file coords_0.tsv (TSV, N, CA and C atoms and all ligand atoms)
chain	number	residue	atom	x	y	z
A	1	MET	N	60.15	-26.01	120.02
A	1	MET	CA	61.19	-25.17	120.65
A	1	MET	C	61.93	-24.37	119.58
A	2	ASP	N	62.20	-23.13	119.90
A	2	ASP	CA	62.84	-22.26	118.92
A	2	ASP	C	64.36	-22.37	119.04
A	3	CYS	N	64.90	-23.45	118.53
A	3	CYS	CA	66.35	-23.70	118.67
A	3	CYS	C	66.93	-23.94	117.29
A	4	VAL	N	67.89	-23.10	116.91
A	4	VAL	CA	68.42	-23.18	115.55
A	4	VAL	C	69.11	-24.53	115.28
A	5	PHE	N	69.77	-25.09	116.28
A	5	PHE	CA	70.45	-26.36	116.02
A	5	PHE	C	69.47	-27.54	116.01
A	6	CYS	N	68.36	-27.48	116.77
A	6	CYS	CA	67.31	-28.50	116.61
A	6	CYS	C	66.78	-28.44	115.18
A	7	LYS	N	66.62	-27.22	114.65
A	7	LYS	CA	66.10	-27.07	113.28
A	7	LYS	C	67.12	-27.55	112.25
A	8	ILE	N	68.39	-27.38	112.51
A	8	ILE	CA	69.42	-27.92	111.61
A	8	ILE	C	69.38	-29.46	111.67
A	9	ALA	N	69.23	-29.99	112.88
A	9	ALA	CA	69.19	-31.46	113.02
A	9	ALA	C	68.00	-32.05	112.28
A	10	SER	N	66.86	-31.36	112.32
A	10	SER	CA	65.65	-31.89	111.66
A	10	SER	C	65.65	-31.61	110.17
A	11	GLY	N	66.51	-30.69	109.72
A	11	GLY	CA	66.55	-30.33	108.31
A	11	GLY	C	65.69	-29.13	107.96
A	12	GLU	N	65.02	-28.57	108.97
A	12	GLU	CA	64.16	-27.40	108.74
A	12	GLU	C	64.98	-26.19	108.31
A	13	ILE	N	66.21	-26.07	108.85
A	13	ILE	CA	67.14	-25.03	108.43
A	13	ILE	C	68.28	-25.74	107.69
A	14	PRO	N	68.66	-25.22	106.52
A	14	PRO	CA	69.72	-25.89	105.74
A	14	PRO	C	71.10	-25.74	106.39
A	15	SER	N	71.93	-26.72	106.13
A	15	SER	CA	73.32	-26.65	106.59
A	15	SER	C	74.14	-27.51	105.63
A	16	THR	N	75.45	-27.34	105.70
A	16	THR	CA	76.33	-28.19	104.89
A	16	THR	C	76.75	-29.37	105.76
A	17	ARG	N	76.00	-30.44	105.66
A	17	ARG	CA	76.26	-31.62	106.50
A	17	ARG	C	77.48	-32.37	106.00
A	18	VAL	N	78.30	-32.78	106.93
A	18	VAL	CA	79.45	-33.60	106.56
A	18	VAL	C	79.34	-35.01	107.14
A	19	TYR	N	78.43	-35.20	108.09
A	19	TYR	CA	78.22	-36.52	108.70
A	19	TYR	C	76.89	-36.49	109.44
A	20	GLU	N	76.21	-37.63	109.48
A	20	GLU	CA	75.05	-37.76	110.36
A	20	GLU	C	74.82	-39.22	110.68
A	21	ASP	N	74.25	-39.47	111.84
A	21	ASP	CA	73.78	-40.81	112.19
A	21	ASP	C	72.56	-40.65	113.08
A	22	GLU	N	72.14	-41.72	113.73
A	22	GLU	CA	70.89	-41.64	114.49
A	22	GLU	C	71.02	-40.76	115.74
A	23	LEU	N	72.25	-40.50	116.17
A	23	LEU	CA	72.44	-39.76	117.43
A	23	LEU	C	72.94	-38.33	117.24
A	24	CYS	N	73.66	-38.07	116.16
A	24	CYS	CA	74.28	-36.76	116.01
A	24	CYS	C	74.35	-36.31	114.56
A	25	VAL	N	74.60	-35.01	114.39
A	25	VAL	CA	74.74	-34.41	113.06
A	25	VAL	C	75.99	-33.53	113.11
A	26	ALA	N	76.77	-33.54	112.03
A	26	ALA	CA	77.95	-32.66	111.92
A	26	ALA	C	77.80	-31.83	110.65
A	27	PHE	N	78.10	-30.54	110.79
A	27	PHE	CA	77.93	-29.63	109.64
A	27	PHE	C	78.97	-28.52	109.73
A	28	LYS	N	79.20	-27.85	108.59
A	28	LYS	CA	80.21	-26.79	108.56
A	28	LYS	C	79.71	-25.55	109.29
A	29	ASP	N	80.58	-24.93	110.08
A	29	ASP	CA	80.24	-23.67	110.74
A	29	ASP	C	80.08	-22.58	109.69
A	30	LEU	N	79.05	-21.74	109.87
A	30	LEU	CA	78.77	-20.64	108.92
A	30	LEU	C	79.89	-19.62	108.90
A	31	GLU	N	80.56	-19.43	110.01
A	31	GLU	CA	81.65	-18.44	110.10
A	31	GLU	C	82.91	-19.16	110.54
A	32	PRO	N	83.55	-19.87	109.60
A	32	PRO	CA	84.69	-20.72	109.99
A	32	PRO	C	85.86	-19.93	110.58
A	33	GLN	N	86.39	-20.46	111.68
A	33	GLN	CA	87.53	-19.83	112.37
A	33	GLN	C	88.84	-20.55	112.06
A	34	ALA	N	88.78	-21.52	111.17
A	34	ALA	CA	89.96	-22.30	110.77
A	34	ALA	C	89.62	-22.96	109.45
A	35	PRO	N	90.64	-23.43	108.70
A	35	PRO	CA	90.35	-24.08	107.41
A	35	PRO	C	89.34	-25.23	107.54
A	36	VAL	N	89.42	-25.98	108.63
A	36	VAL	CA	88.37	-26.97	108.94
A	36	VAL	C	87.66	-26.49	110.20
A	37	HIS	N	86.36	-26.26	110.11
A	37	HIS	CA	85.57	-25.85	111.28
A	37	HIS	C	84.20	-26.51	111.16
A	38	ILE	N	84.07	-27.60	111.88
A	38	ILE	CA	82.86	-28.43	111.83
A	38	ILE	C	82.21	-28.38	113.21
A	39	LEU	N	80.87	-28.28	113.22
A	39	LEU	CA	80.12	-28.37	114.48
A	39	LEU	C	79.49	-29.76	114.56
A	40	ILE	N	79.61	-30.38	115.71
A	40	ILE	CA	78.99	-31.69	115.94
A	40	ILE	C	77.98	-31.54	117.06
A	41	ILE	N	76.74	-31.91	116.77
A	41	ILE	CA	75.65	-31.71	117.75
A	41	ILE	C	74.88	-33.01	117.97
A	42	PRO	N	74.36	-33.21	119.19
A	42	PRO	CA	73.44	-34.32	119.38
A	42	PRO	C	72.09	-33.98	118.74
A	43	ARG	N	71.39	-34.99	118.23
A	43	ARG	CA	70.02	-34.73	117.74
A	43	ARG	C	69.11	-34.31	118.89
A	44	GLU	N	69.37	-34.88	120.06
A	44	GLU	CA	68.59	-34.53	121.26
A	44	GLU	C	68.94	-33.11	121.70
A	45	HIS	N	67.94	-32.33	122.10
A	45	HIS	CA	68.24	-30.99	122.61
A	45	HIS	C	68.80	-31.09	124.02
A	46	ILE	N	70.07	-30.71	124.16
A	46	ILE	CA	70.73	-30.57	125.46
A	46	ILE	C	71.29	-29.15	125.43
A	47	ALA	N	71.02	-28.34	126.45
A	47	ALA	CA	71.31	-26.90	126.36
A	47	ALA	C	72.81	-26.59	126.29
A	48	SER	N	73.60	-27.36	127.01
A	48	SER	CA	75.05	-27.11	127.01
A	48	SER	C	75.73	-28.27	127.73
A	49	ALA	N	77.06	-28.23	127.80
A	49	ALA	CA	77.80	-29.26	128.53
A	49	ALA	C	77.47	-29.21	130.03
A	50	ALA	N	76.92	-28.09	130.49
A	50	ALA	CA	76.52	-28.01	131.90
A	50	ALA	C	75.31	-28.90	132.20
A	51	GLU	N	74.63	-29.37	131.17
A	51	GLU	CA	73.43	-30.21	131.35
A	51	GLU	C	73.73	-31.69	131.14
A	52	ILE	N	75.02	-32.05	131.10
A	52	ILE	CA	75.37	-33.47	130.92
A	52	ILE	C	75.18	-34.20	132.26
A	53	THR	N	74.47	-35.33	132.20
A	53	THR	CA	74.15	-36.13	133.38
A	53	THR	C	74.46	-37.60	133.07
A	54	PRO	N	74.38	-38.47	134.07
A	54	PRO	CA	74.58	-39.90	133.78
A	54	PRO	C	73.59	-40.41	132.73
A	55	ALA	N	72.43	-39.77	132.62
A	55	ALA	CA	71.41	-40.27	131.68
A	55	ALA	C	71.74	-39.93	130.23
A	56	ASN	N	72.53	-38.88	129.99
A	56	ASN	CA	72.77	-38.48	128.59
A	56	ASN	C	74.26	-38.42	128.22
A	57	SER	N	75.15	-38.77	129.14
A	57	SER	CA	76.57	-38.55	128.89
A	57	SER	C	77.14	-39.44	127.78
A	58	SER	N	76.45	-40.52	127.44
A	58	SER	CA	77.01	-41.40	126.40
A	58	SER	C	77.09	-40.69	125.05
A	59	ILE	N	76.27	-39.68	124.84
A	59	ILE	CA	76.33	-38.94	123.57
A	59	ILE	C	77.69	-38.24	123.42
A	60	VAL	N	78.28	-37.86	124.53
A	60	VAL	CA	79.57	-37.15	124.45
A	60	VAL	C	80.65	-38.10	123.94
A	61	ALA	N	80.65	-39.33	124.45
A	61	ALA	CA	81.61	-40.32	123.96
A	61	ALA	C	81.39	-40.57	122.47
A	62	HIS	N	80.15	-40.68	122.09
A	62	HIS	CA	79.84	-40.93	120.68
A	62	HIS	C	80.33	-39.77	119.81
A	63	ILE	N	80.06	-38.54	120.25
A	63	ILE	CA	80.49	-37.37	119.47
A	63	ILE	C	82.02	-37.34	119.35
A	64	PHE	N	82.72	-37.73	120.40
A	64	PHE	CA	84.19	-37.75	120.30
A	64	PHE	C	84.68	-38.83	119.33
A	65	GLU	N	83.97	-39.93	119.24
A	65	GLU	CA	84.32	-40.93	118.21
A	65	GLU	C	84.13	-40.34	116.83
A	66	VAL	N	83.03	-39.63	116.63
A	66	VAL	CA	82.75	-39.00	115.33
A	66	VAL	C	83.81	-37.94	115.04
A	67	ALA	N	84.20	-37.17	116.05
A	67	ALA	CA	85.22	-36.13	115.85
A	67	ALA	C	86.53	-36.75	115.37
A	68	ALA	N	86.94	-37.84	115.98
A	68	ALA	CA	88.20	-38.48	115.59
A	68	ALA	C	88.13	-38.96	114.14
A	69	LYS	N	86.99	-39.51	113.78
A	69	LYS	CA	86.80	-39.98	112.39
A	69	LYS	C	86.82	-38.80	111.42
A	70	LEU	N	86.13	-37.71	111.75
A	70	LEU	CA	86.08	-36.55	110.86
A	70	LEU	C	87.45	-35.88	110.76
A	71	ALA	N	88.20	-35.85	111.86
A	71	ALA	CA	89.55	-35.27	111.83
A	71	ALA	C	90.42	-36.06	110.85
A	72	LYS	N	90.34	-37.38	110.91
A	72	LYS	CA	91.11	-38.22	109.96
A	72	LYS	C	90.67	-37.95	108.53
A	73	GLU	N	89.37	-37.94	108.32
A	73	GLU	CA	88.85	-37.75	106.95
A	73	GLU	C	89.22	-36.39	106.38
A	74	ASN	N	89.40	-35.41	107.27
A	74	ASN	CA	89.73	-34.06	106.82
A	74	ASN	C	91.23	-33.77	106.83
A	75	GLY	N	92.02	-34.81	107.01
A	75	GLY	CA	93.47	-34.68	106.86
A	75	GLY	C	94.15	-33.92	107.99
A	76	LEU	N	93.60	-34.03	109.21
A	76	LEU	CA	94.15	-33.24	110.32
A	76	LEU	C	95.19	-34.02	111.13
A	77	ALA	N	96.07	-34.72	110.42
A	77	ALA	CA	97.07	-35.57	111.11
A	77	ALA	C	98.01	-34.74	111.98
A	78	LYS	N	98.20	-33.45	111.67
A	78	LYS	CA	99.10	-32.61	112.47
A	78	LYS	C	98.48	-32.19	113.79
A	79	GLY	N	97.17	-32.36	113.91
A	79	GLY	CA	96.50	-31.99	115.15
A	79	GLY	C	95.23	-31.21	114.91
A	80	TRP	N	94.48	-31.05	115.95
A	80	TRP	CA	93.20	-30.38	115.85
A	80	TRP	C	92.75	-30.01	117.26
A	81	ARG	N	91.64	-29.30	117.33
A	81	ARG	CA	91.11	-28.90	118.64
A	81	ARG	C	89.62	-29.18	118.67
A	82	ILE	N	89.13	-29.60	119.84
A	82	ILE	CA	87.69	-29.74	120.03
A	82	ILE	C	87.30	-28.88	121.22
A	83	VAL	N	86.26	-28.06	121.02
A	83	VAL	CA	85.88	-27.05	122.01
A	83	VAL	C	84.37	-27.05	122.18
A	84	SER	N	83.92	-26.94	123.44
A	84	SER	CA	82.51	-26.69	123.70
A	84	SER	C	82.41	-25.50	124.63
A	85	ASN	N	81.87	-24.40	124.13
A	85	ASN	CA	81.70	-23.20	124.93
A	85	ASN	C	80.45	-23.35	125.79
A	86	VAL	N	80.56	-22.94	127.05
A	86	VAL	CA	79.44	-23.11	127.99
A	86	VAL	C	79.09	-21.78	128.64
A	87	GLY	N	77.86	-21.35	128.44
A	87	GLY	CA	77.34	-20.18	129.15
A	87	GLY	C	78.00	-18.87	128.73
A	88	GLU	N	77.66	-17.84	129.48
A	88	GLU	CA	78.09	-16.47	129.14
A	88	GLU	C	79.62	-16.34	129.16
A	89	ASP	N	80.25	-16.76	130.24
A	89	ASP	CA	81.71	-16.61	130.32
A	89	ASP	C	82.41	-17.52	129.31
A	90	GLY	N	81.80	-18.63	128.97
A	90	GLY	CA	82.40	-19.53	127.99
A	90	GLY	C	82.22	-19.07	126.56
A	91	GLY	N	81.37	-18.05	126.36
A	91	GLY	CA	81.16	-17.52	125.00
A	91	GLY	C	80.19	-18.34	124.17
A	92	GLN	N	79.24	-19.01	124.86
A	92	GLN	CA	78.26	-19.83	124.12
A	92	GLN	C	77.16	-18.94	123.54
A	93	SER	N	76.98	-19.01	122.21
A	93	SER	CA	75.93	-18.19	121.59
A	93	SER	C	74.71	-19.01	121.20
A	94	VAL	N	74.86	-20.30	120.95
A	94	VAL	CA	73.72	-21.15	120.60
A	94	VAL	C	73.50	-22.14	121.75
A	95	LYS	N	72.29	-22.12	122.31
A	95	LYS	CA	72.02	-22.88	123.54
A	95	LYS	C	71.58	-24.31	123.24
A	96	HIS	N	72.34	-24.97	122.41
A	96	HIS	CA	72.17	-26.41	122.11
A	96	HIS	C	73.58	-26.97	122.08
A	97	LEU	N	73.84	-27.97	122.90
A	97	LEU	CA	75.20	-28.53	123.01
A	97	LEU	C	75.83	-28.73	121.64
A	98	HIS	N	77.05	-28.22	121.49
A	98	HIS	CA	77.77	-28.44	120.24
A	98	HIS	C	79.26	-28.44	120.52
A	99	PHE	N	79.97	-29.19	119.70
A	99	PHE	CA	81.42	-29.27	119.80
A	99	PHE	C	82.00	-28.73	118.50
A	100	HIS	N	82.89	-27.75	118.64
A	100	HIS	CA	83.62	-27.20	117.49
A	100	HIS	C	84.82	-28.11	117.23
A	101	LEU	N	84.93	-28.63	116.02
A	101	LEU	CA	86.12	-29.35	115.59
A	101	LEU	C	86.89	-28.41	114.66
A	102	LEU	N	88.07	-28.00	115.12
A	102	LEU	CA	88.86	-26.98	114.41
A	102	LEU	C	90.20	-27.55	114.01
A	103	GLY	N	90.64	-27.25	112.80
A	103	GLY	CA	91.96	-27.72	112.38
A	103	GLY	C	92.39	-27.10	111.08
A	104	GLY	N	93.61	-27.46	110.67
A	104	GLY	CA	94.15	-26.94	109.42
A	104	GLY	C	95.03	-25.73	109.62
A	105	ARG	N	95.22	-25.34	110.87
A	105	ARG	CA	96.18	-24.28	111.21
A	105	ARG	C	96.62	-24.50	112.65
A	106	SER	N	97.70	-23.83	113.03
A	106	SER	CA	98.17	-23.94	114.40
A	106	SER	C	97.26	-23.12	115.32
A	107	MET	N	96.94	-23.65	116.49
A	107	MET	CA	96.02	-23.00	117.43
A	107	MET	C	96.78	-22.32	118.57
A	108	ALA	N	96.29	-21.17	118.98
A	108	ALA	CA	96.89	-20.48	120.12
A	108	ALA	C	96.39	-21.06	121.45
A	109	TRP	N	97.23	-20.91	122.47
A	109	TRP	CA	96.81	-21.27	123.83
A	109	TRP	C	97.44	-20.28	124.79
A	110	PRO	N	96.76	-19.71	125.78
A	110	PRO	CA	95.35	-19.97	126.06
A	110	PRO	C	94.43	-19.25	125.09
A	111	PRO	N	93.18	-19.72	124.97
A	111	PRO	CA	92.21	-19.05	124.11
A	111	PRO	C	91.86	-17.69	124.71
A	112	GLY	N	91.38	-16.80	123.89
A	112	GLY	CA	91.06	-15.45	124.36
A	112	GLY	C	89.80	-15.40	125.18
A	201	LIG	P1	79.12	-20.90	120.15
A	201	LIG	O1	79.47	-19.45	120.04
A	201	LIG	O2	80.16	-21.76	120.80
A	201	LIG	O3	77.75	-21.09	120.76
A	201	LIG	O4	79.08	-21.46	118.66
A	201	LIG	C1	78.01	-21.29	117.81
A	201	LIG	C2	78.54	-21.45	116.42
A	201	LIG	O5	77.45	-21.71	115.56
A	201	LIG	C3	79.26	-20.22	115.85
A	201	LIG	O6	80.57	-20.59	115.48
A	201	LIG	C4	78.40	-19.83	114.64
A	201	LIG	O7	79.18	-19.39	113.56
A	201	LIG	C5	77.70	-21.13	114.32
A	201	LIG	N1	76.40	-21.03	113.69
A	201	LIG	C6	75.33	-20.30	114.10
A	201	LIG	N2	74.28	-20.50	113.28
A	201	LIG	C7	74.70	-21.39	112.34
A	201	LIG	C8	74.08	-22.01	111.20
A	201	LIG	N3	72.82	-21.75	110.88
A	201	LIG	N4	74.83	-22.86	110.46
A	201	LIG	C9	76.11	-23.12	110.79
A	201	LIG	N5	76.74	-22.60	111.84
A	201	LIG	C10	76.06	-21.73	112.60
A	202	ZN	ZN	68.09	-27.57	120.30

call {"tool": "encode", "arguments": {"input": "coords_0.tsv", "output": "structure tokens", "more": "lines below"}}
Ligand code: AMP
Ligand code: ZN
result
Amino acid sequence: MDCVFCKIASGEIPSTRVYEDELCVAFKDLEPQAPVHILIIPREHIASAAEITPANSSIVAHIFEVAAKLAKENGLAKGWRIVSNVGEDGGQSVKHLHFHLLGGRSMAWPPG
């Protein structure tokens, strides 16, 4: 499958990894939108959060555990944001489920 994040997970495409385990990989976003901008992806190809089912939803809990750990390790005690863009209106550009972990600055609400 021609999926850039599957290739990052397998190591075929290089990335700056900050964490990995048997279920997920976390790496720095190429175009950071905040001082800390990490992407956390499942190793399994899931197209987006719209494809979460009872069979695969446990990966989301796992990724949130990893996000909390990475936020602590990156000194985000003042707060942080986790975002998953879904589909065209959500602004999703890579069709492999990913969570943006953003921090190190104050975030606006609502998002644009
Ligand atoms: P989204 O627009 O929510 O689908 O997010 C995709 C994110 O992936 C964007 O923030 C891109 O900067 C980032 N991105 C795309 N290709 C790469 C790559 N090869 N390495 C790291 N980040 C990437
Ligand atoms: Zn993929």

call {"tool": "atom_distance", "arguments": {"input": "coords_0.tsv", "atom1": "CA of Val86 in chain A", "atom2": "CA of Lys28 in chain A"}}
result
19.8 Å

call {"tool": "residues_around", "arguments": {"input": "coords_0.tsv", "residues": "Ala71 in chain A", "least_positions_apart": "3", "cutoff": "8 Å", "atoms": "only C-alpha atoms", "output": "PyMOL selection string"}}
result
chain A and resi 67-68+74-77+80+101+103

call {"tool": "write_last_selection", "arguments": {"input": "coords_0.tsv", "atoms": "N, CA and C atoms", "output": "PDB file, keeping the file's coordinate frame"}}
result
ATOM      1  N   ALA A  67      84.200 -37.170 116.050  1.00  0.00           N
ATOM      2  CA  ALA A  67      85.220 -36.130 115.850  1.00  0.00           C
ATOM      3  C   ALA A  67      86.530 -36.750 115.370  1.00  0.00           C
ATOM      4  N   ALA A  68      86.940 -37.840 115.980  1.00  0.00           N
ATOM      5  CA  ALA A  68      88.200 -38.480 115.590  1.00  0.00           C
ATOM      6  C   ALA A  68      88.130 -38.960 114.140  1.00  0.00           C
ATOM      7  N   ASN A  74      89.400 -35.410 107.270  1.00  0.00           N
ATOM      8  CA  ASN A  74      89.730 -34.060 106.820  1.00  0.00           C
ATOM      9  C   ASN A  74      91.230 -33.770 106.830  1.00  0.00           C
ATOM     10  N   GLY A  75      92.020 -34.810 107.010  1.00  0.00           N
ATOM     11  CA  GLY A  75      93.470 -34.680 106.860  1.00  0.00           C
ATOM     12  C   GLY A  75      94.150 -33.920 107.990  1.00  0.00           C
ATOM     13  N   LEU A  76      93.600 -34.030 109.210  1.00  0.00           N
ATOM     14  CA  LEU A  76      94.150 -33.240 110.320  1.00  0.00           C
ATOM     15  C   LEU A  76      95.190 -34.020 111.130  1.00  0.00           C
ATOM     16  N   ALA A  77      96.070 -34.720 110.420  1.00  0.00           N
ATOM     17  CA  ALA A  77      97.070 -35.570 111.110  1.00  0.00           C
ATOM     18  C   ALA A  77      98.010 -34.740 111.980  1.00  0.00           C
ATOM     19  N   TRP A  80      94.480 -31.050 115.950  1.00  0.00           N
ATOM     20  CA  TRP A  80      93.200 -30.380 115.850  1.00  0.00           C
ATOM     21  C   TRP A  80      92.750 -30.010 117.260  1.00  0.00           C
ATOM     22  N   LEU A 101      84.930 -28.630 116.020  1.00  0.00           N
ATOM     23  CA  LEU A 101      86.120 -29.350 115.590  1.00  0.00           C
ATOM     24  C   LEU A 101      86.890 -28.410 114.660  1.00  0.00           C
ATOM     25  N   GLY A 103      90.640 -27.250 112.800  1.00  0.00           N
ATOM     26  CA  GLY A 103      91.960 -27.720 112.380  1.00  0.00           C
ATOM     27  C   GLY A 103      92.390 -27.100 111.080  1.00  0.00           C
TER      28      GLY A 103
END

call {"tool": "closest_atom_pairs", "arguments": {"input": "coords_0.tsv", "of": "chain A", "to": "ligand LIG 201 (chain A)", "cutoff": "6 Å", "atoms": "only N, CA and C atoms and all ligand atoms", "output": "tab-separated table"}}
result
residue	atom	partner	partner_atom	distance
A:Ser15	CA	A:LIG201	N4	5.6
A:Lys28	C	A:LIG201	C9	4.6
A:Asp29	CA	A:LIG201	N5	3.8
A:Leu30	N	A:LIG201	N5	3.2
A:Glu31	N	A:LIG201	O7	3.8
A:Pro32	N	A:LIG201	O7	5.9
A:Ser84	C	A:LIG201	O2	5.8
A:Asn85	N	A:LIG201	O2	4.6
A:Gly91	C	A:LIG201	O1	4.3
A:Gln92	C	A:LIG201	O3	3.6
A:Ser93	N	A:LIG201	O3	2.6
A:Val94	N	A:LIG201	O3	3.0
A:Lys95	N	A:LIG201	O3	5.8

call {"tool": "closest_residue", "arguments": {"input": "coords_0.tsv", "among": "A:Leu97, A:Ile52, A:Ile13, A:Val60", "to": "ligand ZN 202 (chain A)", "atoms": "only N, CA and C atoms and all ligand atoms"}}
result
A:Leu97

call {"tool": "residues_around", "arguments": {"input": "coords_0.tsv", "residues": "Val25 in chain A", "least_positions_apart": "3", "cutoff": "12 Å", "atoms": "only C-alpha atoms", "output": "CSV table (one decimal) with N, CA and C atoms, keeping the file's coordinate frame"}}
result
chain,number,residue,atom,x,y,z
A,5,PHE,N,69.8,-25.1,116.3
A,5,PHE,CA,70.4,-26.4,116.0
A,5,PHE,C,69.5,-27.5,116.0
A,6,CYS,N,68.4,-27.5,116.8
A,6,CYS,CA,67.3,-28.5,116.6
A,6,CYS,C,66.8,-28.4,115.2
A,7,LYS,N,66.6,-27.2,114.6
A,7,LYS,CA,66.1,-27.1,113.3
A,7,LYS,C,67.1,-27.6,112.2
A,8,ILE,N,68.4,-27.4,112.5
A,8,ILE,CA,69.4,-27.9,111.6
A,8,ILE,C,69.4,-29.5,111.7
A,9,ALA,N,69.2,-30.0,112.9
A,9,ALA,CA,69.2,-31.5,113.0
A,9,ALA,C,68.0,-32.0,112.3
A,10,SER,N,66.9,-31.4,112.3
A,10,SER,CA,65.6,-31.9,111.7
A,10,SER,C,65.6,-31.6,110.2
A,11,GLY,N,66.5,-30.7,109.7
A,11,GLY,CA,66.6,-30.3,108.3
A,11,GLY,C,65.7,-29.1,108.0
A,15,SER,N,71.9,-26.7,106.1
A,15,SER,CA,73.3,-26.6,106.6
A,15,SER,C,74.1,-27.5,105.6
A,16,THR,N,75.4,-27.3,105.7
A,16,THR,CA,76.3,-28.2,104.9
A,16,THR,C,76.8,-29.4,105.8
A,17,ARG,N,76.0,-30.4,105.7
A,17,ARG,CA,76.3,-31.6,106.5
A,17,ARG,C,77.5,-32.4,106.0
A,18,VAL,N,78.3,-32.8,106.9
A,18,VAL,CA,79.4,-33.6,106.6
A,18,VAL,C,79.3,-35.0,107.1
A,19,TYR,N,78.4,-35.2,108.1
A,19,TYR,CA,78.2,-36.5,108.7
A,19,TYR,C,76.9,-36.5,109.4
A,20,GLU,N,76.2,-37.6,109.5
A,20,GLU,CA,75.0,-37.8,110.4
A,20,GLU,C,74.8,-39.2,110.7
A,21,ASP,N,74.2,-39.5,111.8
A,21,ASP,CA,73.8,-40.8,112.2
A,21,ASP,C,72.6,-40.6,113.1
A,22,GLU,N,72.1,-41.7,113.7
A,22,GLU,CA,70.9,-41.6,114.5
A,22,GLU,C,71.0,-40.8,115.7
A,28,LYS,N,79.2,-27.8,108.6
A,28,LYS,CA,80.2,-26.8,108.6
A,28,LYS,C,79.7,-25.6,109.3
A,38,ILE,N,84.1,-27.6,111.9
A,38,ILE,CA,82.9,-28.4,111.8
A,38,ILE,C,82.2,-28.4,113.2
A,39,LEU,N,80.9,-28.3,113.2
A,39,LEU,CA,80.1,-28.4,114.5
A,39,LEU,C,79.5,-29.8,114.6
A,40,ILE,N,79.6,-30.4,115.7
A,40,ILE,CA,79.0,-31.7,115.9
A,40,ILE,C,78.0,-31.5,117.1
A,41,ILE,N,76.7,-31.9,116.8
A,41,ILE,CA,75.6,-31.7,117.8
A,41,ILE,C,74.9,-33.0,118.0
A,42,PRO,N,74.4,-33.2,119.2
A,42,PRO,CA,73.4,-34.3,119.4
A,42,PRO,C,72.1,-34.0,118.7
A,43,ARG,N,71.4,-35.0,118.2
A,43,ARG,CA,70.0,-34.7,117.7
A,43,ARG,C,69.1,-34.3,118.9
A,44,GLU,N,69.4,-34.9,120.1
A,44,GLU,CA,68.6,-34.5,121.3
A,44,GLU,C,68.9,-33.1,121.7
A,59,ILE,N,76.3,-39.7,124.8
A,59,ILE,CA,76.3,-38.9,123.6
A,59,ILE,C,77.7,-38.2,123.4
A,62,HIS,N,80.2,-40.7,122.1
A,62,HIS,CA,79.8,-40.9,120.7
A,62,HIS,C,80.3,-39.8,119.8
A,63,ILE,N,80.1,-38.5,120.2
A,63,ILE,CA,80.5,-37.4,119.5
A,63,ILE,C,82.0,-37.3,119.4
A,66,VAL,N,83.0,-39.6,116.6
A,66,VAL,CA,82.8,-39.0,115.3
A,66,VAL,C,83.8,-37.9,115.0
A,67,ALA,N,84.2,-37.2,116.0
A,67,ALA,CA,85.2,-36.1,115.8
A,67,ALA,C,86.5,-36.8,115.4
A,70,LEU,N,86.1,-37.7,111.8
A,70,LEU,CA,86.1,-36.6,110.9
A,70,LEU,C,87.4,-35.9,110.8
A,97,LEU,N,73.8,-28.0,122.9
A,97,LEU,CA,75.2,-28.5,123.0
A,97,LEU,C,75.8,-28.7,121.6
A,98,HIS,N,77.0,-28.2,121.5
A,98,HIS,CA,77.8,-28.4,120.2
A,98,HIS,C,79.3,-28.4,120.5
A,99,PHE,N,80.0,-29.2,119.7
A,99,PHE,CA,81.4,-29.3,119.8
A,99,PHE,C,82.0,-28.7,118.5

call {"tool": "atom_distance", "arguments": {"input": "coords_0.tsv", "atom1": "atom C of Phe64 in chain A", "atom2": "atom C of Lys78 in chain A"}}
result
16.3 Å

call {"tool": "closest_residue", "arguments": {"input": "coords_0.tsv", "among": "A:Cys3, A:Val83, A:Cys24, A:Leu102", "to": "ligand ZN 202 (chain A)", "atoms": "only C-alpha atoms and all ligand atoms"}}
result
A:Cys3

call {"tool": "select_by_dssp", "arguments": {"input": "coords_0.tsv", "residues": "chain A", "states": "strand (DSSP E)", "output": "VMD selection string"}}
result
chain A and resid 17 to 20 24 to 28 36 to 42 80 to 83 99 to 103

call {"tool": "closest_residue", "arguments": {"input": "coords_0.tsv", "among": "A:Ser106, A:Ile82, A:Gly90, A:His96", "to": "ligand ZN 202 (chain A)", "atoms": "only N, CA and C atoms and all ligand atoms"}}
result
A:His96

call {"tool": "atom_distance", "arguments": {"input": "coords_0.tsv", "atom1": "atom N of Leu23 in chain A", "atom2": "atom C of Ser58 in chain A"}}
result
10.1 Å

call {"tool": "closest_residue", "arguments": {"input": "coords_0.tsv", "among": "A:Val36, A:Ile46, A:Ala55, A:Ala108", "to": "ligand ZN 202 (chain A)", "atoms": "all atoms listed in the file"}}
result
A:Ile46

call {"tool": "select_by_dssp", "arguments": {"input": "coords_0.tsv", "residues": "chain A", "states": "helix (DSSP H, G or I)", "output": "VMD selection string"}}
result
chain A and resid 4 to 10 49 to 51 58 to 73 87 to 90

call {"tool": "closest_residue", "arguments": {"input": "coords_0.tsv", "among": "A:His37, A:His100, A:His45, A:Arg81", "to": "ligand ZN 202 (chain A)", "atoms": "all atoms listed in the file"}}
result
A:His45
